[in-house]
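Printed here is run_31.cif (mmCIF, N, CA and C atoms):
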data_data
loop_
_atom_site.label_atom_id
_atom_site.label_comp_id
_atom_site.auth_asym_id
_atom_site.auth_seq_id
_atom_site.Cartn_x
_atom_site.Cartn_y
_atom_site.Cartn_z
N MET A 1 -16.03 4.01 -7.76
CA MET A 1 -14.97 4.21 -6.80
C MET A 1 -14.12 5.38 -7.27
N ASN A 2 -13.74 6.22 -6.33
CA ASN A 2 -13.00 7.40 -6.69
C ASN A 2 -11.73 7.49 -5.84
N ILE A 3 -10.63 6.97 -6.36
CA ILE A 3 -9.35 7.03 -5.68
C ILE A 3 -8.58 8.22 -6.25
N PRO A 4 -8.18 9.18 -5.42
CA PRO A 4 -7.44 10.34 -5.93
C PRO A 4 -6.17 9.92 -6.68
N ASP A 5 -5.87 10.64 -7.74
CA ASP A 5 -4.71 10.33 -8.58
C ASP A 5 -3.41 10.29 -7.79
N ARG A 6 -3.27 11.16 -6.80
CA ARG A 6 -2.00 11.19 -6.06
C ARG A 6 -1.79 9.92 -5.23
N TYR A 7 -2.87 9.26 -4.82
CA TYR A 7 -2.75 7.98 -4.13
C TYR A 7 -2.25 6.92 -5.11
N ILE A 8 -2.84 6.91 -6.29
CA ILE A 8 -2.46 5.93 -7.31
C ILE A 8 -0.99 6.14 -7.71
N GLU A 9 -0.61 7.39 -7.92
CA GLU A 9 0.77 7.69 -8.31
C GLU A 9 1.76 7.25 -7.23
N TYR A 10 1.44 7.54 -5.98
CA TYR A 10 2.30 7.15 -4.86
C TYR A 10 2.41 5.62 -4.80
N ALA A 11 1.27 4.94 -4.90
CA ALA A 11 1.26 3.48 -4.84
C ALA A 11 2.06 2.88 -6.00
N LEU A 12 1.91 3.42 -7.18
CA LEU A 12 2.66 2.93 -8.34
C LEU A 12 4.16 3.07 -8.12
N ASN A 13 4.58 4.21 -7.61
CA ASN A 13 6.00 4.42 -7.35
C ASN A 13 6.53 3.46 -6.30
N ARG A 14 5.76 3.22 -5.24
CA ARG A 14 6.20 2.30 -4.18
C ARG A 14 6.31 0.87 -4.72
N ILE A 15 5.30 0.44 -5.50
CA ILE A 15 5.33 -0.91 -6.06
C ILE A 15 6.49 -1.05 -7.04
N TRP A 16 6.70 -0.03 -7.86
CA TRP A 16 7.78 -0.05 -8.85
C TRP A 16 9.14 -0.16 -8.15
N ASP A 17 9.36 0.66 -7.11
CA ASP A 17 10.62 0.61 -6.37
C ASP A 17 10.84 -0.76 -5.73
N ALA A 18 9.80 -1.32 -5.14
CA ALA A 18 9.91 -2.63 -4.50
C ALA A 18 10.20 -3.71 -5.53
N SER A 19 9.58 -3.60 -6.69
CA SER A 19 9.79 -4.58 -7.75
C SER A 19 11.23 -4.55 -8.25
N GLU A 20 11.76 -3.36 -8.46
CA GLU A 20 13.15 -3.23 -8.91
C GLU A 20 14.11 -3.81 -7.88
N GLN A 21 13.87 -3.55 -6.61
CA GLN A 21 14.74 -4.05 -5.56
C GLN A 21 14.65 -5.57 -5.45
N ARG A 22 13.45 -6.13 -5.62
CA ARG A 22 13.31 -7.60 -5.58
C ARG A 22 14.07 -8.24 -6.74
N GLU A 23 13.96 -7.63 -7.93
CA GLU A 23 14.65 -8.19 -9.10
C GLU A 23 16.16 -8.18 -8.93
N LYS A 24 16.67 -7.16 -8.26
CA LYS A 24 18.11 -7.06 -8.01
C LYS A 24 18.53 -7.90 -6.82
N GLY A 25 17.57 -8.47 -6.11
CA GLY A 25 17.86 -9.26 -4.93
C GLY A 25 18.25 -8.41 -3.74
N LYS A 26 17.88 -7.13 -3.78
CA LYS A 26 18.27 -6.22 -2.72
C LYS A 26 17.12 -5.84 -1.81
N ARG A 27 15.95 -6.39 -1.99
CA ARG A 27 14.79 -5.98 -1.19
C ARG A 27 14.95 -6.54 0.22
N LYS A 28 15.23 -5.67 1.15
CA LYS A 28 15.37 -6.07 2.54
C LYS A 28 14.02 -5.93 3.23
N LYS A 29 13.70 -6.89 4.06
CA LYS A 29 12.43 -6.84 4.79
C LYS A 29 12.66 -6.17 6.14
N TYR A 30 12.24 -4.93 6.21
CA TYR A 30 12.23 -4.25 7.49
C TYR A 30 11.08 -3.26 7.49
N ASN A 31 10.65 -2.90 8.68
CA ASN A 31 9.41 -2.16 8.80
C ASN A 31 9.56 -0.66 8.58
N GLY A 32 10.74 -0.17 8.39
CA GLY A 32 10.86 1.22 8.01
C GLY A 32 11.36 2.16 9.08
N TYR A 33 11.80 1.67 10.22
CA TYR A 33 12.37 2.60 11.19
C TYR A 33 13.74 3.06 10.72
N LYS A 34 14.35 2.26 9.86
CA LYS A 34 15.60 2.66 9.24
C LYS A 34 15.30 3.83 8.31
N ASP A 35 16.12 4.83 8.30
CA ASP A 35 15.97 6.03 7.46
C ASP A 35 14.74 6.86 7.81
N LYS A 36 14.17 6.66 8.98
CA LYS A 36 12.98 7.43 9.38
C LYS A 36 13.18 8.94 9.29
N PRO A 37 14.33 9.49 9.70
CA PRO A 37 14.50 10.94 9.61
C PRO A 37 14.45 11.48 8.18
N ASN A 38 14.69 10.62 7.20
CA ASN A 38 14.73 11.06 5.80
C ASN A 38 13.40 10.89 5.07
N ARG A 39 12.39 10.34 5.75
CA ARG A 39 11.10 10.11 5.09
C ARG A 39 10.15 11.27 5.31
N THR A 40 9.30 11.50 4.33
CA THR A 40 8.35 12.61 4.36
C THR A 40 6.92 12.07 4.40
N CYS A 41 6.10 12.63 5.26
CA CYS A 41 4.70 12.25 5.37
C CYS A 41 3.96 12.55 4.07
N PHE A 42 3.18 11.60 3.61
CA PHE A 42 2.39 11.75 2.38
C PHE A 42 1.44 12.94 2.49
N TYR A 43 0.82 13.14 3.63
CA TYR A 43 -0.21 14.16 3.79
C TYR A 43 0.35 15.53 4.13
N ARG A 44 1.31 15.56 5.03
CA ARG A 44 1.77 16.85 5.58
C ARG A 44 3.10 17.31 5.01
N GLU A 45 3.79 16.44 4.31
CA GLU A 45 5.10 16.74 3.75
C GLU A 45 6.09 17.19 4.82
N THR A 46 5.97 16.58 6.01
CA THR A 46 6.90 16.83 7.10
C THR A 46 7.84 15.64 7.23
N GLY A 47 9.01 15.87 7.78
CA GLY A 47 10.00 14.82 7.94
C GLY A 47 9.69 13.90 9.11
N GLY A 48 10.52 12.86 9.25
CA GLY A 48 10.39 11.92 10.36
C GLY A 48 9.17 11.02 10.28
N ALA A 49 8.71 10.74 9.08
CA ALA A 49 7.50 9.93 8.91
C ALA A 49 7.75 8.46 9.24
N GLU A 50 6.73 7.83 9.76
CA GLU A 50 6.76 6.39 10.03
C GLU A 50 6.21 5.65 8.82
N ARG A 51 6.78 4.50 8.55
CA ARG A 51 6.32 3.70 7.42
C ARG A 51 5.17 2.81 7.88
N HIS A 52 4.03 2.97 7.21
CA HIS A 52 2.82 2.20 7.54
C HIS A 52 2.63 1.11 6.50
N GLU A 53 2.55 -0.13 6.95
CA GLU A 53 2.22 -1.23 6.06
C GLU A 53 0.71 -1.22 5.89
N VAL A 54 0.25 -1.04 4.66
CA VAL A 54 -1.18 -0.87 4.37
C VAL A 54 -1.96 -2.12 4.74
N PHE A 55 -1.38 -3.27 4.52
CA PHE A 55 -2.01 -4.53 4.91
C PHE A 55 -1.19 -5.06 6.08
N TYR A 56 -1.82 -5.16 7.24
CA TYR A 56 -1.06 -5.56 8.41
C TYR A 56 -1.69 -6.78 9.05
N GLY A 57 -0.99 -7.36 9.95
CA GLY A 57 -1.31 -8.66 10.50
C GLY A 57 -0.11 -9.54 10.20
N THR A 58 -0.11 -10.73 10.66
CA THR A 58 1.07 -11.58 10.56
C THR A 58 1.58 -11.74 9.13
N ALA A 59 0.79 -12.32 8.25
CA ALA A 59 1.25 -12.58 6.88
C ALA A 59 1.17 -11.33 6.00
N GLU A 60 0.12 -10.55 6.17
CA GLU A 60 -0.09 -9.39 5.31
C GLU A 60 1.00 -8.34 5.48
N ARG A 61 1.53 -8.21 6.67
CA ARG A 61 2.60 -7.24 6.91
C ARG A 61 3.83 -7.56 6.08
N GLU A 62 4.21 -8.83 6.05
CA GLU A 62 5.36 -9.25 5.25
C GLU A 62 5.11 -9.01 3.75
N ILE A 63 3.90 -9.28 3.31
CA ILE A 63 3.55 -9.03 1.91
C ILE A 63 3.62 -7.54 1.62
N SER A 64 3.13 -6.71 2.53
CA SER A 64 3.20 -5.26 2.34
C SER A 64 4.64 -4.79 2.19
N ILE A 65 5.52 -5.32 3.02
CA ILE A 65 6.93 -4.93 2.94
C ILE A 65 7.54 -5.42 1.63
N MET A 66 7.28 -6.66 1.27
CA MET A 66 7.88 -7.24 0.07
C MET A 66 7.42 -6.53 -1.20
N TYR A 67 6.14 -6.20 -1.29
CA TYR A 67 5.60 -5.61 -2.51
C TYR A 67 5.55 -4.08 -2.47
N GLY A 68 5.94 -3.48 -1.36
CA GLY A 68 5.94 -2.03 -1.27
C GLY A 68 4.58 -1.43 -1.00
N PHE A 69 3.67 -2.20 -0.43
CA PHE A 69 2.34 -1.70 -0.08
C PHE A 69 2.45 -0.90 1.22
N GLN A 70 3.13 0.24 1.15
CA GLN A 70 3.42 1.03 2.34
C GLN A 70 3.19 2.52 2.02
N VAL A 71 3.00 3.29 3.08
CA VAL A 71 2.88 4.74 2.94
C VAL A 71 3.56 5.37 4.16
N ASP A 72 4.25 6.48 3.91
CA ASP A 72 4.93 7.18 4.98
C ASP A 72 3.99 8.20 5.60
N LEU A 73 3.84 8.13 6.93
CA LEU A 73 2.88 8.95 7.66
C LEU A 73 3.52 9.63 8.86
N ALA A 74 3.05 10.83 9.16
CA ALA A 74 3.43 11.48 10.41
C ALA A 74 2.97 10.57 11.55
N PRO A 75 3.72 10.53 12.66
CA PRO A 75 3.36 9.61 13.76
C PRO A 75 1.91 9.71 14.23
N GLU A 76 1.37 10.91 14.32
CA GLU A 76 -0.01 11.05 14.80
C GLU A 76 -1.02 10.51 13.79
N LEU A 77 -0.71 10.61 12.50
CA LEU A 77 -1.61 10.05 11.47
C LEU A 77 -1.50 8.53 11.44
N HIS A 78 -0.30 8.02 11.66
CA HIS A 78 -0.10 6.58 11.74
C HIS A 78 -0.92 6.03 12.91
N TRP A 79 -0.90 6.74 14.02
CA TRP A 79 -1.68 6.35 15.19
C TRP A 79 -3.17 6.32 14.84
N GLU A 80 -3.66 7.34 14.11
CA GLU A 80 -5.08 7.40 13.75
C GLU A 80 -5.50 6.21 12.90
N ILE A 81 -4.65 5.81 11.98
CA ILE A 81 -5.00 4.66 11.13
C ILE A 81 -5.04 3.39 11.97
N HIS A 82 -4.05 3.19 12.82
CA HIS A 82 -4.03 1.96 13.63
C HIS A 82 -5.09 1.93 14.71
N ASN A 83 -5.52 3.07 15.17
CA ASN A 83 -6.55 3.11 16.20
C ASN A 83 -7.94 3.30 15.61
N GLU A 84 -8.03 3.21 14.29
CA GLU A 84 -9.28 3.19 13.54
C GLU A 84 -10.21 4.34 13.87
N THR A 85 -9.66 5.56 13.88
CA THR A 85 -10.54 6.72 13.98
C THR A 85 -11.34 6.80 12.69
N GLU A 86 -12.33 7.63 12.64
CA GLU A 86 -13.14 7.75 11.42
C GLU A 86 -12.26 8.10 10.22
N TRP A 87 -11.38 9.08 10.39
CA TRP A 87 -10.47 9.46 9.31
C TRP A 87 -9.55 8.29 8.97
N GLY A 88 -9.01 7.63 9.99
CA GLY A 88 -8.09 6.52 9.78
C GLY A 88 -8.71 5.37 9.00
N GLN A 89 -9.95 5.03 9.31
CA GLN A 89 -10.63 3.95 8.59
C GLN A 89 -10.82 4.31 7.13
N LYS A 90 -11.24 5.54 6.88
CA LYS A 90 -11.48 5.99 5.50
C LYS A 90 -10.18 5.97 4.70
N GLU A 91 -9.11 6.50 5.28
CA GLU A 91 -7.83 6.56 4.58
C GLU A 91 -7.24 5.17 4.38
N ASP A 92 -7.36 4.32 5.38
CA ASP A 92 -6.85 2.96 5.28
C ASP A 92 -7.51 2.23 4.10
N MET A 93 -8.82 2.39 3.96
CA MET A 93 -9.52 1.75 2.85
C MET A 93 -9.08 2.35 1.51
N LEU A 94 -8.90 3.67 1.46
CA LEU A 94 -8.41 4.29 0.21
C LEU A 94 -7.06 3.72 -0.20
N TRP A 95 -6.16 3.53 0.77
CA TRP A 95 -4.85 2.97 0.45
C TRP A 95 -4.96 1.52 -0.01
N ARG A 96 -5.82 0.75 0.62
CA ARG A 96 -5.99 -0.64 0.20
C ARG A 96 -6.53 -0.71 -1.23
N GLN A 97 -7.49 0.14 -1.52
CA GLN A 97 -8.04 0.19 -2.88
C GLN A 97 -7.00 0.67 -3.89
N ALA A 98 -6.22 1.66 -3.51
CA ALA A 98 -5.19 2.18 -4.42
C ALA A 98 -4.16 1.11 -4.73
N TYR A 99 -3.68 0.40 -3.72
CA TYR A 99 -2.67 -0.63 -3.96
C TYR A 99 -3.24 -1.81 -4.75
N GLN A 100 -4.48 -2.20 -4.50
CA GLN A 100 -5.07 -3.27 -5.29
C GLN A 100 -5.22 -2.83 -6.74
N THR A 101 -5.68 -1.61 -6.95
CA THR A 101 -5.85 -1.09 -8.31
C THR A 101 -4.53 -1.10 -9.07
N VAL A 102 -3.49 -0.57 -8.45
CA VAL A 102 -2.19 -0.49 -9.12
C VAL A 102 -1.63 -1.88 -9.37
N TYR A 103 -1.74 -2.77 -8.40
CA TYR A 103 -1.23 -4.13 -8.56
C TYR A 103 -1.93 -4.82 -9.74
N MET A 104 -3.25 -4.72 -9.78
CA MET A 104 -4.00 -5.36 -10.86
C MET A 104 -3.70 -4.70 -12.21
N ASP A 105 -3.59 -3.37 -12.23
CA ASP A 105 -3.26 -2.67 -13.48
C ASP A 105 -1.90 -3.11 -14.02
N CYS A 106 -0.94 -3.31 -13.12
CA CYS A 106 0.39 -3.77 -13.54
C CYS A 106 0.32 -5.17 -14.15
N LEU A 107 -0.48 -6.04 -13.55
CA LEU A 107 -0.64 -7.40 -14.09
C LEU A 107 -1.32 -7.36 -15.45
N GLU A 108 -2.31 -6.48 -15.59
CA GLU A 108 -2.99 -6.34 -16.88
C GLU A 108 -2.03 -5.81 -17.94
N ALA A 109 -1.15 -4.90 -17.56
CA ALA A 109 -0.16 -4.37 -18.49
C ALA A 109 0.82 -5.46 -18.94
N ASP A 110 0.99 -6.49 -18.09
CA ASP A 110 1.84 -7.62 -18.43
C ASP A 110 1.10 -8.68 -19.24
N GLY A 111 -0.18 -8.45 -19.56
CA GLY A 111 -0.91 -9.35 -20.44
C GLY A 111 -2.01 -10.17 -19.81
N LEU A 112 -2.21 -10.06 -18.50
CA LEU A 112 -3.29 -10.80 -17.87
C LEU A 112 -4.62 -10.10 -18.11
N SER A 113 -5.69 -10.86 -18.13
CA SER A 113 -7.03 -10.26 -18.23
C SER A 113 -7.39 -9.67 -16.87
N ARG A 114 -8.45 -8.88 -16.83
CA ARG A 114 -8.90 -8.29 -15.56
C ARG A 114 -9.26 -9.40 -14.56
N GLU A 115 -9.91 -10.45 -15.05
CA GLU A 115 -10.29 -11.56 -14.18
C GLU A 115 -9.07 -12.29 -13.64
N GLU A 116 -8.06 -12.49 -14.49
CA GLU A 116 -6.83 -13.15 -14.05
C GLU A 116 -6.07 -12.29 -13.04
N ALA A 117 -6.06 -10.98 -13.27
CA ALA A 117 -5.40 -10.06 -12.34
C ALA A 117 -6.09 -10.09 -10.98
N LEU A 118 -7.42 -10.12 -10.98
CA LEU A 118 -8.16 -10.19 -9.73
C LEU A 118 -7.89 -11.52 -9.03
N ALA A 119 -7.84 -12.61 -9.79
CA ALA A 119 -7.54 -13.92 -9.19
C ALA A 119 -6.15 -13.92 -8.56
N ALA A 120 -5.19 -13.31 -9.22
CA ALA A 120 -3.83 -13.22 -8.66
C ALA A 120 -3.83 -12.40 -7.38
N TRP A 121 -4.59 -11.30 -7.36
CA TRP A 121 -4.70 -10.48 -6.15
C TRP A 121 -5.32 -11.30 -5.02
N MET A 122 -6.35 -12.05 -5.32
CA MET A 122 -7.04 -12.84 -4.30
C MET A 122 -6.11 -13.92 -3.74
N ILE A 123 -5.26 -14.49 -4.58
CA ILE A 123 -4.29 -15.47 -4.09
C ILE A 123 -3.30 -14.79 -3.15
N LEU A 124 -2.89 -13.58 -3.51
CA LEU A 124 -1.92 -12.84 -2.70
C LEU A 124 -2.51 -12.35 -1.38
N MET A 125 -3.68 -11.69 -1.44
CA MET A 125 -4.22 -11.00 -0.27
C MET A 125 -5.49 -11.62 0.31
N SER A 126 -6.16 -12.49 -0.41
CA SER A 126 -7.36 -13.20 0.04
C SER A 126 -8.57 -12.32 0.29
N ARG A 127 -8.52 -11.07 -0.15
CA ARG A 127 -9.67 -10.17 0.05
C ARG A 127 -9.68 -9.12 -1.04
N ASN A 128 -10.88 -8.85 -1.54
CA ASN A 128 -11.08 -7.84 -2.57
C ASN A 128 -11.53 -6.53 -1.92
N TYR A 129 -10.86 -5.44 -2.25
CA TYR A 129 -11.20 -4.13 -1.69
C TYR A 129 -11.88 -3.22 -2.70
N LEU A 130 -12.04 -3.69 -3.92
CA LEU A 130 -12.64 -2.86 -4.98
C LEU A 130 -14.09 -3.25 -5.19
N GLU A 131 -14.95 -2.25 -5.21
CA GLU A 131 -16.38 -2.50 -5.37
C GLU A 131 -16.76 -2.82 -6.81
N ASP A 132 -15.96 -2.35 -7.77
CA ASP A 132 -16.33 -2.49 -9.17
C ASP A 132 -15.83 -3.79 -9.80
N VAL A 133 -15.12 -4.62 -9.06
CA VAL A 133 -14.71 -5.95 -9.55
C VAL A 133 -15.15 -6.99 -8.54
N VAL A 134 -15.64 -8.10 -9.05
CA VAL A 134 -16.17 -9.14 -8.17
C VAL A 134 -15.48 -10.46 -8.51
N PRO A 135 -14.86 -11.10 -7.52
CA PRO A 135 -14.23 -12.40 -7.78
C PRO A 135 -15.27 -13.47 -8.05
N GLU A 136 -14.87 -14.43 -8.85
CA GLU A 136 -15.80 -15.53 -9.18
C GLU A 136 -15.82 -16.58 -8.10
#
Can you turn what I pasted into structure tokens?
Amino acid sequence: MNIPDRYIEYALNRIWDASEQREKGKRKKYNGYKDKPNRTCFYRETGGAERHEVFYGTAEREISIMYGFQVDLAPELHWEIHNETEWGQKEDMLWRQAYQTVYMDCLEADGLSREEALAAWMILMSRNYLEDVVPE
């Protein structure tokens, strides 16, 4: 699996920010229309980006917001991901893999084994997006 470093770096920063806010009790659950004019698209570096929850659906959306599994996208790119264009499907999977990788790496840094980190991910998201790790 080949996840570009900039995806991993972005995901790590988002998870880190969300973690700090949760610890302070300041993590507000909102979908990101707040402060939209101040956000920059990951791909185009243009303003007015929409916040995309990488894992969406009823429960997964809340988890994405709580854990920071989000990426800021230009509106037309956000549309492509949600309407599952070829590019959108590919990028959506890259983001899911990047966030799973970073989440598991953080758990391993806290002392969990790779298997325990994967088990924790499976409890959280119920699906494995990485080809190189297999749940038991």
May I have a table of the residues of range 33-118 of chain A lying at most 8 Å from range 1-24 of chain A, giving each one's closest pair of atoms and their distance in Å to one decimal, counting only C-alpha atoms, ordered by chain and ascending residue number, as CSV?
residue,atom,partner,partner_atom,distance
A:Met66,CA,A:Ala18,CA,6.8
A:Tyr67,CA,A:Ala18,CA,5.6
A:Gly68,CA,A:Ile15,CA,5.0
A:Phe69,CA,A:Ile15,CA,6.7
A:Gln70,CA,A:Arg14,CA,7.2
A:Leu94,CA,A:Ile3,CA,6.6
A:Trp95,CA,A:Tyr7,CA,7.1
A:Gln97,CA,A:Ile3,CA,7.5
A:Ala98,CA,A:Ile8,CA,5.5
A:Tyr99,CA,A:Ala11,CA,5.8
A:Thr101,CA,A:Ile8,CA,7.9
A:Val102,CA,A:Leu12,CA,6.0
A:Tyr103,CA,A:Ile15,CA,7.7
Any idea what's packed within 7 Å of range 131-135 of chain A, counting all atoms listed in the file, ignoring anything in its chain fewer than 2 positions away? Could you give it as JSON, numbers by chain?
{"A": [1, 118, 119, 128, 129]}
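Atom N of Ile63 in chain A is positioned 22.4 Å from CA of Leu112 in chain A.
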If we draw a sphere of 5 Å around (2.2, 10.1, 7.1), which residues have at least one atom in it when counting all atoms listed in the file? Please report them as a list in words.
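Residues close enough to count: Cys41, Phe42, Tyr43, Asp72, Leu73 and Ala74 of chain A.
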Could you check which of A:Met122, A:His82, A:Lys36, A:Glu91 is closest to Gly57 in chain A, using only C-alpha atoms?
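Going through A:Met122, A:His82, A:Lys36, A:Glu91 one by one, the smallest distance to Gly57 in chain A is for A:His82.
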Filtered DSSP result for range 51-110 of chain A, state alpha helix (DSSP H), as a count of residues only:
42
Going by DSSP on the backbone, which residues of range 9-124 of chain A come out as strand (DSSP E)? List them as a ChimeraX atom specification.
/A:50-53,70-73
Mind pulling up the distance from atom N of Ala49 in chain A to atom C of Pro37 in chain A?
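It comes out at 5.9 Å.
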One-decimal distance in Å that lies between CA of Gln100 in chain A and atom N of Ser64 in chain A:
11.8 Å
With distances taken over only N, CA and C atoms, which residue among A:Val71, A:Ile65, A:Ile81, A:Leu124 lies nearest Glu50 in chain A?
A:Val71
Closest to Glu53 in chain A among A:Trp87, A:Asp92, A:Cys106, A:Glu76, using only C-alpha atoms?
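Closest candidate: A:Asp92.
Candidate residues A:Gly48, A:Pro75, A:Gly111, A:Gly88 were compared for distance to Asp35 in chain A, and the nearest is A:Gly48, using all atoms listed in the file.
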